[in-house]
Amino acid sequence: MDFQVVVLAGGTSKELIPLVSNEVPKALLPVANRPVLSYVLELLELNNLKDLIVVVEGEDAALRIGGWISSAYVDRLHVEVAAVPEDVGTAGALRAIGHHLTARDILVVSGDLVCDVPPGAVAAAHRRHDAVVTAMLCSAPVSGPSDSVSSGGKDKAKKPGRYNIIGLDPTRQFMLFIAAGAEVEKDVRVQKSILRAVGQMDIRADLMDAHLYAFKRSVLQEVLDQKETFRSLRQDVLPFLVRSQLRSELSLDGPQAEENGNDKAAILDDKVVMSQLMANASSPSFHEHGAMGCYGSVPFPRKTHKCCVYIASKTKYCARLNSIQAFNDINRDVIGDASHLSGYSFSAHNNIIHPSAVLGSKTTVGPQCMLGEGSQMGDKCSVKRSVLGRHCRIGSNVKVVNSVIMDHVTIGDACSIQGSVICSNVQLQDHVVLKDCQVGAGFVVSAGSEYKGESLAKK
């Protein structure tokens with residue numbers, strides 16, 4: 001299909017501190033004891049997309065991620081890992097690797113995406129419409145987008161979510177408007193020319209931009225070269241392409257890119273031009289009608305381009321690990337309702353207990369739980385809706401609920417852990433109580449300590 005695939009794996013995301021560190025970049029954070037990046041790589045492999053560029057922010061993170069990919073996917077994928085400077089943003093990352101991009105179209109996938117939507121369907125829609133960009137949209141979480149919720153226990157209450165606001169044409173194939181990030185809080189302003197072209201617009205606040213895009217390479221590179229201040233694909237590049245689609249500033253391939261000698265179309269009155277378009281309001285080809293202005297009875301070409309969407313079925317799973325709350329939610333989903341994504345075989349009790357794990361007397365591991373290789377639990381412990389990593393040592397009378405415990409964690413007797421994330425090599429001494437906390441790698445929590453809604457990490 002002549003698509004080049006780029007996976008944006010990020011670096012050490014500030015939103016995920018203290019879960020991330022120099023030793024554990026975002027792409028290697030565990031989801032059901034597998035690096036989150038593995039979910040994207042295996043989705044691409046399943047769709048026969050095996051020639052990839054993985055872009056990582058920071059040289060150290062690139063070395064760690066590259067080493068893991070080399071060992072995990074040898075003879076399965078051909079992956080080039082490209083290091084770019086830290087904090088350049090998604091648009092900056094693509095700008096930095098521009099010399100690697102040679103195909104007609106580029107498929108850009110966020111490395112923190114966990115989903116079962118075939119990327120080939122997005123690519124096919126992109127080619128079908130000859131679009132400059134096609135964005136995959138999926139149903140937003142009921143409680144709001146995961147990047148609207150921070151980490152502490154207070155955030156369990158529902159808050160007004162910072163949704164994308166997206167305008168679609170009546171056929172729901174073309175994106176006519178998008179507000180993302182801080183723009184969501186502002187008044188919605190839609191260009192009259194686009195409204196006249198389609199007659200009506202479907203405004204949606206229940207869809208999430210999944211950060212899976214197909215771009216026409218020549219257009220993407222032109223935008224990145226001309227707009228040097230653009231840092232984000234979602235907040236800069238995509239809104240720019242959507243705003244300018246009926247009055248394109250871009251050099252597009254094909255007949256629509258031809259300039260008219262005196263550019264008379266540019267001075268035509270929109271009311272005259274768009275009166276023709278209203279008759280075609282429900283047509284998916286309103287861009288083609290918009291490309292023809294009129295000057296008297298003689299038509300003149302106007303440059304347009306198409307911004308398309310692929311809306312995933314509500315039955316599909318789609319989430320991004322872009323916050324601590326999302327980390328918790330996705331881990332629980334992948335051993336729960338979205339267990340088909342885990343790659344594991346579940347027991348008759350609907351859980352996963354590694355054969356080498358050891359359970360003490362009267363210890364119970366409930367459904368939708370995972371206990372990793374070599375981990376040991378003492379007597380009278382209880383685990384509910386939680387993921388426990390590899391080679392953990394857990395004492396007696398320990399309760400773990402709705403939590404994620406990473407590898408090589410030591411937990412003393414009579415501890416209670418609820419709604420928390422415990423990073424690798426942490427030690428909890430006896431009688432520790434944690435609720436809605438995050439504990440960074442290597443931290444020691446003193447015996448008898450009680451914390452609620454805290455982030456604990458080495459200074």
# chains A, B, ... in the order shown; residues from 1 in each chain; ligands from 1
>>> residues_around(residues="segment 365-367 of chain A", least_positions_apart="2", cutoff="6 Å", atoms="only C-alpha atoms", output="list in words")
His349, Asn350, Asn351, Cys369, Val383 and Lys384 of chain A
>>> residues_around(residues="segment 13-16 of chain A", least_positions_apart="3", cutoff="6 Å", atoms="only C-alpha atoms", output="list in words")
Leu19, Val20, Ser323 and Ile324 of chain A
>>> residues_around(residues="segment 387-401 of chain A", least_positions_apart="5", cutoff="7 Å", atoms="only C-alpha atoms", output="VMD selection string")
chain A and resid 32 to 33 369 to 382 406 to 419
>>> atom_distance(atom1="atom CA of Phe174 of chain A", atom2="atom CA of Ala121 of chain A")
15.4 Å
>>> closest_residue(among="A:Ala140, A:Ala357, A:Val114, A:Val432", to="Val31 of chain A", atoms="only C-alpha atoms")
A:Val114
>>> closest_residue(among="A:Val54, A:Val5, A:Ala61, A:Leu241", to="Leu212 of chain A", atoms="only C-alpha atoms")
A:Val5
